[in-house]
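Have a look at the structure below before the remarks.
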Amino acid sequence: MITGIKGIRLRRAAAVAVTSGALLATGALTAAPAQAVTTPSIVAKGGYLMNNANSTTLFKKAADTQLPTGSTTKIMTAKVVLAQSNLNLDAKVTIQKAYSDYVVANNASQAHLIVGDKVTVRQLLYGLMLPSGCDAAYALADKYGSGTTRAARVKSFIGKMNTTAKNLGMTNTHFDSFDGIGNGNNYSTPRDLTKLASNAMKSSTFRTVVKTKSYTAKTVTKTGSIRTMSPWTNTNGLLSSYSGTIGVKTGSGPEAHYCLVFAATRNGKTVIGTVLASTSIAQREADAKKLLNYGFAKLG
């Protein structure tokens, strides 16, 4: 007969095994063990999911394949703005005709900013990330780039985007626009965009913006009166349809198809991921939900 502490441990282990067996036999334990979670299949060309706590990979499909990013590019636009030293979120930017001409010419998503209005940097960040305003992106690039001409400032800002990508180890990423309307050389990968989003989420301002479903800006007109803008609605449908969603950004376009960088927190655990080149808005959300469910099941 086995005696002492070792014996007690063995008898306890045997008792636990018997009890577990009995529970399994009666079907009382319905949760499958972590290793039995089925790896999902997604429609998107590329996908990546990681545990935000330690950056470990939970899922990958063409994770390092370079693909057009569409408006998920704007995560970097926001990141560059928020990384400015001595950033004043209440600084005002006067909306130029060039910004509205640009969105009209490109038939681009916009925040419908009014020429001549003074809009704060904070409001521009909401206009950038919720309705995916390319006019807001242009305004921010013009303000935070360096140079004596608008073209020079925009070029400088895009340069900052690429420098930031390099510093974050986004080795398969290149930006040639401030908003995702690229000139054929704007690309990233599911892994790189996930890495970027995880880093951007360290900013409390960024976190607040990307989890906001709707925002109404009050801007200052040319005459000094207050204009209440139409509400900006977040294009990220997961905020309303997936419990625990905390962000991040949608993207779409003729080349990019339908993209989504997403993050959610449940039971104190945060998973963050990306799907690129899915087939529709509904499908990119379905893809993301599959990955989120899988991630949380894996983490237990």
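We label chains A, B, ... in the order they appear in the structure tokens, count residues from 1 in each chain, and number ligands from 1 in the order shown.
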Item to check | DSSP-assigned strand (DSSP E or B) members of region 133-258 of chain A, reported as a list in words | outcome: His174, Tyr187, Ser188, Ser214, Tyr215, Lys218, Thr219, Val220, Ile226, Arg227, Thr228, Trp232, Thr233, Thr245, Ile246, Gly247, Val248, Lys249, Thr250, Gly251, Ser252, Gly253, His257 and Tyr258 of chain A
Restrict the selected residues to N, CA and C atoms and save them as a compact mmCIF listing (two decimals), in the first residue's frame.
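For reference, selection01.txt as written:
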```
# COMPACT_ATOMS: atom_id res chain seq x y z
N HIS A 174 3.68 48.67 -46.87
CA HIS A 174 4.09 49.95 -47.45
C HIS A 174 2.85 50.80 -47.67
N TYR A 187 0.01 48.51 -49.36
CA TYR A 187 -0.29 47.12 -49.01
C TYR A 187 0.22 46.79 -47.61
N SER A 188 -0.36 45.73 -47.07
CA SER A 188 0.10 45.20 -45.78
C SER A 188 -0.29 43.74 -45.74
N SER A 214 -21.33 55.94 -32.35
CA SER A 214 -21.84 57.14 -33.02
C SER A 214 -21.29 58.38 -32.31
N TYR A 215 -21.02 59.41 -33.10
CA TYR A 215 -20.41 60.63 -32.54
C TYR A 215 -20.95 61.83 -33.30
N LYS A 218 -19.51 69.11 -33.02
CA LYS A 218 -19.95 70.50 -33.11
C LYS A 218 -18.76 71.32 -33.59
N THR A 219 -18.85 71.80 -34.81
CA THR A 219 -17.74 72.54 -35.42
C THR A 219 -18.03 74.04 -35.39
N VAL A 220 -17.00 74.83 -35.66
CA VAL A 220 -17.15 76.29 -35.67
C VAL A 220 -17.13 76.77 -37.12
N ILE A 226 -21.85 77.91 -34.12
CA ILE A 226 -21.62 76.47 -33.92
C ILE A 226 -22.48 75.67 -34.88
N ARG A 227 -21.85 74.75 -35.58
CA ARG A 227 -22.57 73.86 -36.48
C ARG A 227 -22.62 72.46 -35.84
N THR A 228 -23.82 71.91 -35.69
CA THR A 228 -23.93 70.53 -35.22
C THR A 228 -23.98 69.62 -36.44
N TRP A 232 -21.82 60.86 -36.97
CA TRP A 232 -20.96 59.90 -37.66
C TRP A 232 -21.20 58.54 -37.04
N THR A 233 -21.51 57.57 -37.89
CA THR A 233 -21.77 56.21 -37.42
C THR A 233 -20.57 55.32 -37.75
N THR A 245 -16.79 43.44 -28.32
CA THR A 245 -15.99 44.12 -29.35
C THR A 245 -15.53 45.50 -28.87
N ILE A 246 -14.25 45.80 -29.10
CA ILE A 246 -13.68 47.09 -28.66
C ILE A 246 -13.06 47.86 -29.84
N GLY A 247 -13.22 47.39 -31.08
CA GLY A 247 -12.66 48.07 -32.24
C GLY A 247 -12.55 47.10 -33.40
N VAL A 248 -11.93 47.42 -34.55
CA VAL A 248 -11.01 48.53 -34.65
C VAL A 248 -11.32 49.35 -35.91
N LYS A 249 -11.23 48.73 -37.11
CA LYS A 249 -11.44 49.51 -38.34
C LYS A 249 -11.79 48.64 -39.53
N THR A 250 -12.73 49.14 -40.32
CA THR A 250 -13.13 48.48 -41.56
C THR A 250 -12.28 49.02 -42.72
N GLY A 251 -12.35 48.31 -43.82
CA GLY A 251 -11.74 48.78 -45.06
C GLY A 251 -12.44 48.13 -46.23
N SER A 252 -12.52 48.86 -47.33
CA SER A 252 -13.09 48.25 -48.55
C SER A 252 -12.60 49.03 -49.75
N GLY A 253 -12.78 48.44 -50.90
CA GLY A 253 -12.36 49.10 -52.13
C GLY A 253 -12.30 48.10 -53.26
N HIS A 257 -11.20 44.77 -51.67
CA HIS A 257 -12.44 44.05 -51.37
C HIS A 257 -12.90 44.44 -49.95
N TYR A 258 -13.19 43.48 -49.09
CA TYR A 258 -13.74 43.84 -47.78
C TYR A 258 -12.81 43.38 -46.66
```
Lys166 (chain A): which residues within 12 Å, counting only C-alpha atoms, same-chain residues fewer than 5 positions away excluded, as a PDB file with C-alpha atoms, in the first residue's frame?
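Saved to around_10.pdb:
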```
ATOM      1  CA  MET A  76      -1.763  54.108 -39.191  1.00  0.00           C
ATOM      2  CA  GLY A 159       6.802  59.125 -44.920  1.00  0.00           C
ATOM      3  CA  LYS A 160       6.021  59.144 -41.180  1.00  0.00           C
ATOM      4  CA  MET A 161       3.531  56.321 -41.726  1.00  0.00           C
ATOM      5  CA  THR A 171       8.188  44.127 -42.698  1.00  0.00           C
ATOM      6  CA  ASN A 172       5.554  43.418 -45.378  1.00  0.00           C
ATOM      7  CA  THR A 173       3.854  46.811 -45.310  1.00  0.00           C
ATOM      8  CA  HIS A 174       4.093  49.950 -47.448  1.00  0.00           C
ATOM      9  CA  PHE A 175       1.868  53.009 -47.525  1.00  0.00           C
ATOM     10  CA  SER A 188       0.101  45.196 -45.784  1.00  0.00           C
ATOM     11  CA  ASP A 192       1.305  43.351 -39.830  1.00  0.00           C
ATOM     12  CA  LYS A 195       0.538  44.157 -34.932  1.00  0.00           C
ATOM     13  CA  LEU A 196      -0.260  47.788 -35.806  1.00  0.00           C
TER      14      LEU A 196
END
```
Next on the checklist: To test your reading of the structure, identify every residue in region 122-197 of chain A that backbone DSSP assigns to helix (DSSP H, G or I), and report it as number ranges by chain.
Outcome noted: A: 122-129, 134-144, 150-167, 190-197
Next on the checklist: I'd like to know which of A:Ser278, A:Gln84, A:Ser132, A:Thr208 is closest to Val103 (chain A), using only C-alpha atoms.
Outcome noted: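 Comparing A:Ser278, A:Gln84, A:Ser132, A:Thr208 against Val103 (chain A), the winner is A:Ser132.
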Checklist entry - Residues at most 10 Å from Gly46 (chain A), counting only C-alpha atoms, excluding those fewer than 3 positions away in the same chain, as number ranges by chain? => result A: 42-43, 60-67, 189-191, 259, 274-278
Okay, now the selection with C-alpha atoms, as a tab-separated table (two decimals), in the first residue's frame?
```tsv
chain	number	residue	atom	x	y	z
A	42	ILE	CA	-12.74	31.79	-43.52
A	43	VAL	CA	-13.66	33.20	-46.93
A	60	LYS	CA	-3.22	32.36	-39.55
A	61	LYS	CA	-4.17	32.13	-43.20
A	62	ALA	CA	-1.81	33.79	-45.70
A	63	ALA	CA	-0.73	35.84	-42.67
A	64	ASP	CA	2.29	37.32	-44.44
A	65	THR	CA	0.81	37.72	-47.92
A	66	GLN	CA	0.85	41.33	-49.11
A	67	LEU	CA	-2.67	42.56	-49.90
A	189	THR	CA	-0.56	41.73	-44.38
A	190	PRO	CA	-2.97	40.28	-41.82
A	191	ARG	CA	-0.10	39.84	-39.34
A	259	CYS	CA	-11.35	44.08	-44.84
A	274	THR	CA	-7.44	40.99	-39.23
A	275	VAL	CA	-9.27	39.63	-42.26
A	276	LEU	CA	-8.29	40.95	-45.69
A	277	ALA	CA	-10.03	40.54	-49.04
A	278	SER	CA	-13.29	38.99	-47.92
```
Checklist entry - When you draw a straight line from CA of Asp142 (chain A) to CA of Thr72 (chain A), how long is it in Å? => result 19.3 Å
Checklist entry - Interatomic distance between CA of Met170 (chain A) and CA of Gln123 (chain A)? => result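 Spanning CA of Met170 (chain A) to CA of Gln123 (chain A) is a straight-line distance of 28.2 Å.
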Checklist outcome for this item: Using only C-alpha atoms, the best pick from A:Ser146, A:Asn183, A:Gln283, A:Ser109 as closest to Thr235 (chain A) would be A:Ser109
Checklist entry - Contacts of Asn51 (chain A) at 8 Å or less, counting only C-alpha atoms, minus same-chain residues fewer than 3 places along, as number ranges by chain? => result A: 54-58, 269-272, 295
Can you spit out the residues from that selection as a CSV table (one decimal), in the first residue's frame, using C-alpha atoms?
```csv
chain,number,residue,atom,x,y,z
A,54,ASN,CA,1.5,38.1,-25.3
A,55,SER,CA,1.2,38.4,-29.1
A,56,THR,CA,1.0,34.6,-29.6
A,57,THR,CA,-0.5,33.5,-32.8
A,58,LEU,CA,-4.0,31.9,-32.5
A,269,LYS,CA,-8.9,38.3,-22.3
A,270,THR,CA,-8.4,40.3,-25.4
A,271,VAL,CA,-7.9,38.9,-28.9
A,272,ILE,CA,-7.1,41.0,-31.9
A,295,GLY,CA,-9.7,32.6,-30.2
```
Next on the checklist: Calculated over only C-alpha atoms, which of the candidates A:Tyr144, A:Tyr242, A:Tyr138, A:Tyr126 has the smallest distance to Asn293 (chain A)?
Outcome noted: A:Tyr242
Item to check | Contact residues around Ala141 (chain A) with only C-alpha atoms at 8 Å, ignoring same-chain residues under 6 positions, as a ChimeraX atom specification | outcome: /A:77,153-154,157-158,178
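CA of Leu193 (chain A) sits 10.4 Å away from CA of Leu168 (chain A).
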